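S.K.: Sharing work34.txt (compact mmCIF, C-alpha atoms) below.
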```
# COMPACT_ATOMS: atom_id res chain seq x y z
CA MET A 1 -78.70 -110.16 37.82
CA ALA A 2 -77.83 -107.01 35.88
CA SER A 3 -80.96 -105.31 37.19
CA GLY A 4 -79.97 -106.24 40.75
CA PHE A 5 -76.49 -104.77 40.24
CA PHE A 6 -77.91 -101.47 38.94
CA ALA A 7 -80.41 -101.41 41.81
CA LEU A 8 -77.48 -101.75 44.21
CA LEU A 9 -75.69 -98.86 42.48
CA ASP A 10 -78.87 -96.79 42.76
CA ASP A 11 -79.12 -97.56 46.49
CA ILE A 12 -75.46 -96.55 46.97
CA ALA A 13 -76.01 -93.33 45.02
CA THR A 14 -79.07 -92.51 47.14
CA LEU A 15 -77.14 -93.23 50.32
CA MET A 16 -74.26 -90.98 49.24
CA ASP A 17 -76.70 -88.20 48.33
CA ASP A 18 -78.21 -88.44 51.81
CA VAL A 19 -74.72 -88.50 53.34
CA VAL A 20 -73.66 -85.37 51.43
CA VAL A 21 -76.83 -83.49 52.44
CA MET A 22 -76.49 -84.54 56.09
CA SER A 23 -72.77 -83.71 56.06
CA LYS A 24 -73.60 -80.15 54.98
CA ILE A 25 -76.17 -79.79 57.77
CA THR A 26 -73.81 -81.29 60.33
CA THR A 27 -70.89 -79.08 59.23
CA LYS A 28 -73.10 -76.01 59.76
CA LYS A 29 -73.93 -77.21 63.28
CA THR A 30 -70.23 -77.57 64.12
CA ALA A 31 -69.26 -74.24 62.49
CA GLY A 32 -69.04 -72.46 65.84
CA ILE A 33 -66.43 -74.84 67.24
CA LEU A 34 -64.59 -74.83 63.91
CA GLY A 35 -64.34 -71.05 64.19
CA ASP A 36 -62.85 -71.35 67.66
CA ASP A 37 -60.56 -74.18 66.50
CA LEU A 38 -59.38 -71.94 63.67
CA ALA A 39 -58.70 -68.99 65.97
CA VAL A 40 -56.90 -71.09 68.58
CA ASN A 41 -54.64 -72.85 66.11
CA ALA A 42 -53.86 -69.68 64.17
CA GLU A 43 -52.59 -68.21 67.43
CA LYS A 44 -50.62 -71.30 68.39
CA ALA A 45 -48.99 -71.60 64.94
CA THR A 46 -47.59 -68.07 65.07
CA GLY A 47 -44.51 -66.84 66.93
CA PHE A 48 -41.99 -69.10 65.18
CA VAL A 49 -39.33 -68.27 62.64
CA SER A 50 -40.77 -68.26 59.15
CA SER A 51 -39.06 -71.51 58.15
CA ARG A 52 -40.62 -73.39 61.09
CA GLU A 53 -44.24 -72.20 60.82
CA LEU A 54 -45.39 -74.77 58.25
CA PRO A 55 -43.47 -77.73 59.81
CA VAL A 56 -45.02 -76.85 63.19
CA LEU A 57 -48.46 -76.58 61.62
CA TRP A 58 -47.97 -79.94 59.87
CA ALA A 59 -47.02 -81.54 63.20
CA ILE A 60 -50.22 -80.14 64.75
CA THR A 61 -52.27 -81.33 61.75
CA LYS A 62 -50.92 -84.89 62.09
CA GLY A 63 -51.77 -84.76 65.79
CA SER A 64 -55.28 -83.62 64.91
CA PHE A 65 -55.77 -86.57 62.55
CA LEU A 66 -54.52 -88.92 65.27
CA ASN A 67 -56.94 -87.34 67.75
CA LYS A 68 -59.85 -88.07 65.44
CA LEU A 69 -58.67 -91.64 64.81
CA ILE A 70 -58.88 -92.15 68.59
CA ILE A 71 -62.17 -90.31 69.09
CA LEU A 72 -64.22 -91.64 66.15
CA PRO A 73 -64.25 -95.39 67.07
CA ILE A 74 -65.10 -94.57 70.70
CA ALA A 75 -67.91 -92.27 69.57
CA PHE A 76 -69.39 -94.92 67.26
CA LEU A 77 -69.22 -97.56 70.01
CA LEU A 78 -71.06 -95.24 72.39
CA SER A 79 -73.63 -94.47 69.71
CA THR A 80 -74.28 -98.20 69.21
CA PHE A 81 -74.25 -99.48 72.78
CA LEU A 82 -74.75 -96.40 75.00
CA PRO A 83 -76.56 -93.73 72.91
CA TRP A 84 -77.58 -91.85 76.04
CA ALA A 85 -73.88 -91.32 76.79
CA VAL A 86 -73.54 -89.29 73.58
CA THR A 87 -76.11 -86.78 74.82
CA LEU A 88 -74.47 -86.71 78.25
CA ILE A 89 -71.04 -86.02 76.75
CA LEU A 90 -72.60 -83.42 74.48
CA ILE A 91 -74.10 -81.54 77.45
CA ALA A 92 -70.87 -81.85 79.46
CA GLY A 93 -68.96 -80.51 76.46
CA GLY A 94 -71.47 -77.68 76.19
CA VAL A 95 -70.69 -76.69 79.77
CA TYR A 96 -66.97 -76.67 78.92
CA LEU A 97 -67.56 -74.54 75.81
CA ALA A 98 -69.73 -72.09 77.77
CA TYR A 99 -67.07 -71.93 80.48
CA GLU A 100 -64.33 -71.27 77.93
CA GLY A 101 -66.44 -68.62 76.19
CA VAL A 102 -67.20 -66.74 79.40
CA GLU A 103 -63.54 -67.05 80.46
CA LYS A 104 -62.52 -65.32 77.23
CA VAL A 105 -65.09 -62.56 77.76
CA MET A 106 -63.87 -62.02 81.32
CA GLU A 107 -60.26 -62.02 80.13
CA TYR A 108 -61.15 -59.27 77.66
CA PHE A 109 -62.74 -57.03 80.31
CA PHE A 110 -60.44 -58.02 83.20
CA PRO A 111 -57.12 -59.02 81.59
CA HIS A 112 -54.40 -60.55 83.72
CA GLU A 113 -50.74 -61.00 82.99
CA HIS A 114 -49.63 -64.02 81.00
CA LYS A 115 -46.25 -65.59 81.00
CA ILE A 116 -44.88 -65.01 77.50
CA GLU A 117 -42.98 -67.95 76.05
CA VAL A 118 -40.01 -67.01 73.92
CA VAL A 119 -39.78 -69.32 70.95
CA ASN A 120 -37.72 -67.33 68.51
CA HIS A 121 -35.01 -65.32 70.26
CA GLU A 122 -31.47 -64.75 69.09
CA ASP A 123 -29.98 -65.63 72.49
CA VAL A 124 -31.92 -68.90 72.83
CA SER A 125 -30.07 -72.09 71.90
CA PRO A 126 -31.45 -74.37 69.15
CA GLU A 127 -32.18 -77.03 71.79
CA ALA A 128 -34.22 -74.57 73.86
CA GLN A 129 -36.08 -73.40 70.76
CA LEU A 130 -36.88 -77.02 69.86
CA LYS A 131 -38.20 -77.72 73.38
CA ALA A 132 -40.35 -74.58 73.31
CA GLU A 133 -41.63 -75.56 69.87
CA GLN A 134 -42.50 -79.10 70.99
CA LYS A 135 -44.25 -77.76 74.08
CA LYS A 136 -46.39 -75.44 71.96
CA VAL A 137 -47.21 -78.25 69.52
CA LYS A 138 -48.29 -80.55 72.39
CA SER A 139 -50.46 -77.77 73.80
CA ALA A 140 -52.10 -77.21 70.41
CA ILE A 141 -52.75 -80.94 69.92
CA PHE A 142 -54.29 -81.22 73.40
CA THR A 143 -56.59 -78.27 72.71
CA ASP A 144 -57.46 -79.80 69.35
CA PHE A 145 -58.38 -83.07 71.12
CA ILE A 146 -60.92 -81.31 73.33
CA LEU A 147 -62.43 -79.40 70.40
CA SER A 148 -62.39 -82.55 68.22
CA VAL A 149 -64.42 -84.43 70.84
CA GLU A 150 -67.06 -81.71 70.66
CA ILE A 151 -67.03 -81.61 66.85
CA VAL A 152 -67.45 -85.38 66.61
CA ILE A 153 -70.12 -85.58 69.32
CA ILE A 154 -72.13 -82.69 67.85
CA ALA A 155 -71.87 -84.28 64.40
CA LEU A 156 -72.90 -87.64 65.84
CA GLY A 157 -75.80 -86.06 67.68
CA THR A 158 -77.34 -84.98 64.37
CA VAL A 159 -77.40 -88.55 62.99
CA LEU A 160 -78.34 -90.54 66.10
CA GLY A 161 -80.96 -93.13 65.21
CA GLU A 162 -79.61 -93.52 61.68
CA PRO A 163 -77.94 -96.78 60.56
CA LEU A 164 -74.36 -97.20 61.78
CA VAL A 165 -72.92 -97.06 58.24
CA PHE A 166 -74.67 -93.72 57.69
CA GLN A 167 -73.32 -92.38 61.00
CA VAL A 168 -69.77 -93.49 60.18
CA LEU A 169 -69.83 -91.86 56.73
CA VAL A 170 -71.33 -88.54 57.84
CA VAL A 171 -69.24 -88.05 60.97
CA SER A 172 -66.02 -89.18 59.27
CA ILE A 173 -66.58 -86.73 56.40
CA VAL A 174 -67.21 -83.90 58.86
CA ALA A 175 -64.07 -84.83 60.83
CA ILE A 176 -61.93 -84.83 57.66
CA ILE A 177 -63.40 -81.53 56.44
CA ALA A 178 -62.84 -80.02 59.88
CA THR A 179 -59.17 -81.01 59.94
CA ILE A 180 -58.24 -80.16 56.34
CA GLY A 181 -60.37 -77.01 56.27
CA VAL A 182 -59.20 -75.56 59.58
CA TYR A 183 -55.50 -76.26 59.16
CA GLY A 184 -55.53 -75.31 55.48
CA ILE A 185 -56.92 -71.89 56.38
CA VAL A 186 -54.50 -71.58 59.31
CA ALA A 187 -51.60 -72.26 56.91
CA LEU A 188 -52.77 -69.39 54.71
CA ILE A 189 -53.21 -67.09 57.71
CA VAL A 190 -49.77 -67.68 59.24
CA ARG A 191 -48.13 -67.06 55.87
CA MET A 192 -50.00 -63.83 55.20
CA ASP A 193 -47.19 -61.61 56.44
CA ASP A 194 -44.56 -63.55 54.46
CA MET A 195 -46.63 -63.23 51.30
CA GLY A 196 -46.99 -59.54 52.06
CA PHE A 197 -43.24 -59.04 52.53
CA ALA A 198 -42.58 -60.90 49.27
CA LEU A 199 -44.94 -58.60 47.37
CA ILE A 200 -43.39 -55.51 48.97
CA GLN A 201 -39.92 -56.63 47.90
CA LYS A 202 -41.12 -57.16 44.33
CA SER A 203 -42.68 -53.70 44.17
CA ASP A 204 -40.91 -50.81 42.45
CA ASN A 205 -39.51 -48.34 44.99
CA GLN A 206 -42.25 -49.24 47.48
CA LYS A 207 -45.00 -48.04 45.17
CA GLY A 208 -47.74 -49.53 43.06
CA VAL A 209 -50.32 -52.29 43.40
CA LEU A 210 -47.92 -54.98 44.68
CA PHE A 211 -46.68 -52.74 47.48
CA SER A 212 -50.23 -51.80 48.49
CA ILE A 213 -51.42 -55.43 48.56
CA GLY A 214 -48.31 -56.57 50.44
CA ASN A 215 -48.68 -53.80 52.99
CA VAL A 216 -52.33 -54.76 53.57
CA LEU A 217 -51.42 -58.43 54.08
CA VAL A 218 -48.69 -57.59 56.61
CA LYS A 219 -50.92 -55.26 58.61
CA ALA A 220 -53.98 -57.53 58.34
CA LEU A 221 -52.47 -60.60 60.06
CA PRO A 222 -52.87 -59.45 63.71
CA ILE A 223 -56.32 -58.01 62.90
CA VAL A 224 -57.44 -61.29 61.32
CA ILE A 225 -56.27 -63.33 64.31
CA LYS A 226 -58.00 -60.97 66.78
CA SER A 227 -61.18 -61.02 64.68
CA LEU A 228 -61.15 -64.82 64.59
CA SER A 229 -60.73 -64.87 68.35
CA PHE A 230 -63.79 -62.60 68.81
CA ILE A 231 -65.91 -64.56 66.33
CA GLY A 232 -64.80 -67.83 67.91
CA THR A 233 -65.81 -66.64 71.39
CA VAL A 234 -69.28 -65.59 70.27
CA ALA A 235 -69.64 -68.86 68.36
CA LEU A 236 -68.62 -70.87 71.43
CA LEU A 237 -71.42 -69.33 73.50
CA LEU A 238 -73.95 -69.80 70.69
CA VAL A 239 -72.98 -73.44 70.14
CA ALA A 240 -73.06 -74.14 73.89
CA GLY A 241 -76.47 -72.51 74.26
CA GLY A 242 -77.73 -74.46 71.24
CA ILE A 243 -76.57 -77.73 72.80
CA PHE A 244 -78.55 -77.01 75.98
CA THR A 245 -81.73 -75.83 74.25
CA HIS A 246 -81.80 -78.84 71.91
CA ASN A 247 -80.95 -81.51 74.48
CA ILE A 248 -82.58 -80.28 77.71
CA GLU A 249 -86.36 -80.37 77.50
CA VAL A 250 -86.96 -77.54 80.00
CA LEU A 251 -84.66 -75.14 78.13
CA HIS A 252 -86.04 -76.24 74.76
CA HIS A 253 -89.42 -74.73 75.63
CA PHE A 254 -88.01 -71.83 77.67
CA ALA A 255 -88.84 -68.32 76.37
CA GLU A 256 -90.04 -69.56 72.97
CA SER A 257 -90.99 -66.01 71.91
CA ILE A 258 -87.32 -64.95 71.99
CA PRO A 259 -85.36 -65.46 68.74
CA GLY A 260 -83.34 -68.69 68.87
CA VAL A 261 -79.96 -67.01 68.40
CA ILE A 262 -80.50 -64.60 71.30
CA LYS A 263 -81.85 -67.39 73.53
CA ASP A 264 -78.87 -69.64 72.77
CA PHE A 265 -76.44 -66.80 73.48
CA VAL A 266 -78.07 -65.85 76.79
CA ILE A 267 -78.26 -69.47 77.97
CA GLY A 268 -74.63 -70.01 76.92
CA ILE A 269 -73.50 -67.00 78.97
CA ALA A 270 -75.64 -68.02 81.96
CA VAL A 271 -74.27 -71.57 82.06
CA GLY A 272 -70.73 -70.28 81.46
CA LEU A 273 -70.97 -67.82 84.37
CA LEU A 274 -72.27 -70.58 86.62
CA ALA A 275 -69.42 -72.89 85.52
CA VAL A 276 -66.81 -70.18 86.14
CA LEU A 277 -68.27 -69.51 89.60
CA VAL A 278 -68.20 -73.23 90.50
CA VAL A 279 -64.60 -73.61 89.28
CA LYS A 280 -63.44 -70.58 91.27
CA LEU A 281 -65.22 -71.77 94.43
CA VAL A 282 -63.72 -75.26 94.11
CA SER A 283 -60.26 -73.74 93.53
CA LYS A 284 -60.56 -71.64 96.68
CA VAL A 285 -61.70 -74.65 98.73
CA LEU A 286 -58.79 -76.79 97.47
CA LYS A 287 -56.27 -74.04 98.27
CA LYS A 288 -57.38 -73.94 101.92
```
Re-express the file's structure as C-alpha cells.
M.R.:
Amino acid sequence: MASGFFALLDDIATLMDDVVVMSKITTKKTAGILGDDLAVNAEKATGFVSSRELPVLWAITKGSFLNKLIILPIAFLLSTFLPWAVTLILIAGGVYLAYEGVEKVMEYFFPHEHKIEVVNHEDVSPEAQLKAEQKKVKSAIFTDFILSVEIVIIALGTVLGEPLVFQVLVVSIVAIIATIGVYGIVALIVRMDDMGFALIQKSDNQKGVLFSIGNVLVKALPIVIKSLSFIGTVALLLVAGGIFTHNIEVLHHFAESIPGVIKDFVIGIAVGLLAVLVVKLVSKVLKK
C-alpha cells in the first residue's frame, strides 16, 4: 500500500512537471495578446487623481478575474464536446486581432479626432467624476473580456487532445498568470510618476541621484505607455498571423521559404486590411 501511495505521488509530480513546462510554452504563445492587454489597461488606468488610480485598477482586476471565471468553464466544455469550435473561435479571434492591429496602424498614419473624456477636472462634481470613472472601468473590463477569450482559447489550443485535467491545470495557470502579471505591471506603470515626484521631493535642492532617478521616472511614463502600445500592435499582428498559419492548412504551407515571423506579420496585416475593408463596406451599406 505504501508503494502504491508513493507511486501516486510520483505520478502527480510528473503531471505537475508536464503542466509547468506546458504552461511556460503556452504563456509564450499568448505573450503577444498579453502585451496588448498590458498597453490597453495601462492607458485606461491613467487619467485619474493619484488617490483613485489603484482603486480603479483593483476594480478592473476583479472584473478581469470574473471574466476568466465565466470564460474558462465554457472553454473547457467546448474542448470536451465541440473541439472543432475551439479552432473556429480561435480563427475568428485572429480576424478580430488582425483587424484591431491594422486599425491601430491606420490610426497612427491617419489619425482622427477623439472625444476626450474628462475624469479629473476641478469644475466637475464628485458624482460626475464617479460616473466617468465607472464608465472607464466598464470599458476596460469589456476590453479585457475580449482579450481574455483570446488568451484562454490560444492557451487551450496548445493542449487540445490532452486529458481534461491537464487542460484545466495548464489553461487556469496561464489565466491566473495573465491577470496577476498584467495588472501587477500596470500598477507599477501608473505609479511611476508618483514614485518619481516622491524621489524629487526627497532630493536636496533638486540635485543628486534621487532627483535624477525621479525625473527619469516622471518623464518615462508617457514614453513607456506609447512604447507598449507600439509593441502591442506589432504583437497583435504577429499573433493573428500565427493563428492563421497554424490552423489553416493552406496558409501553413504558404511561402515556407520566408521566415515564420515575417510570414505571420504579412498574413496578419493582409487579413486585417481585408477585415477593415469589409467592416467599412458594411458600415456604408447600413448607413444608406
S.K.: Nearest to Val149 in chain A among A:Leu72, A:Leu221, A:Leu164, A:Leu88, with distances taken over all atoms listed in the file: which residue is it?
M.R.: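 Looking only at the distances to Val149 in chain A, the closest residue turns out to be A:Leu72.
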S.K.: Find, counting only C-alpha atoms, the residue in A:Leu286, A:Leu281, A:Ala140, A:Leu237 that gets nearest to Gly268 in chain A.
M.R.: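 Smallest distance to Gly268 in chain A is found for A:Leu237.
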S.K.: Restricting the calculation to only C-alpha atoms, which member of A:Gly214, A:Ala220, A:Val190, A:Ile154 is positioned closest to Gln167 in chain A?
M.R.: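 Looking at the shortest contact to Gln167 in chain A, the residue is A:Ile154.
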S.K.: Kindly indicate which residue among A:Met192, A:Ile223, A:Ala75, A:Ala98 lies nearest to Ser172 in chain A, using all atoms listed in the file for the distances.
M.R.: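 Ranking A:Met192, A:Ile223, A:Ala75, A:Ala98 by distance to Ser172 in chain A, first place goes to A:Ala75.
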S.K.: Report the distance between CA of Thr179 in chain A and CA of Arg52 in chain A in Å, rounded to one decimal place.
M.R.: 20.1 Å
S.K.: What does the distance from CA of Val282 in chain A to CA of Tyr99 in chain A come to in Å, to one decimal?
M.R.: 14.4 Å
S.K.: To one decimal in Å, tell me the separation between CA of Phe244 in chain A and CA of Val95 in chain A.
M.R.: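 That distance, rounded to one decimal, is 8.7 Å.
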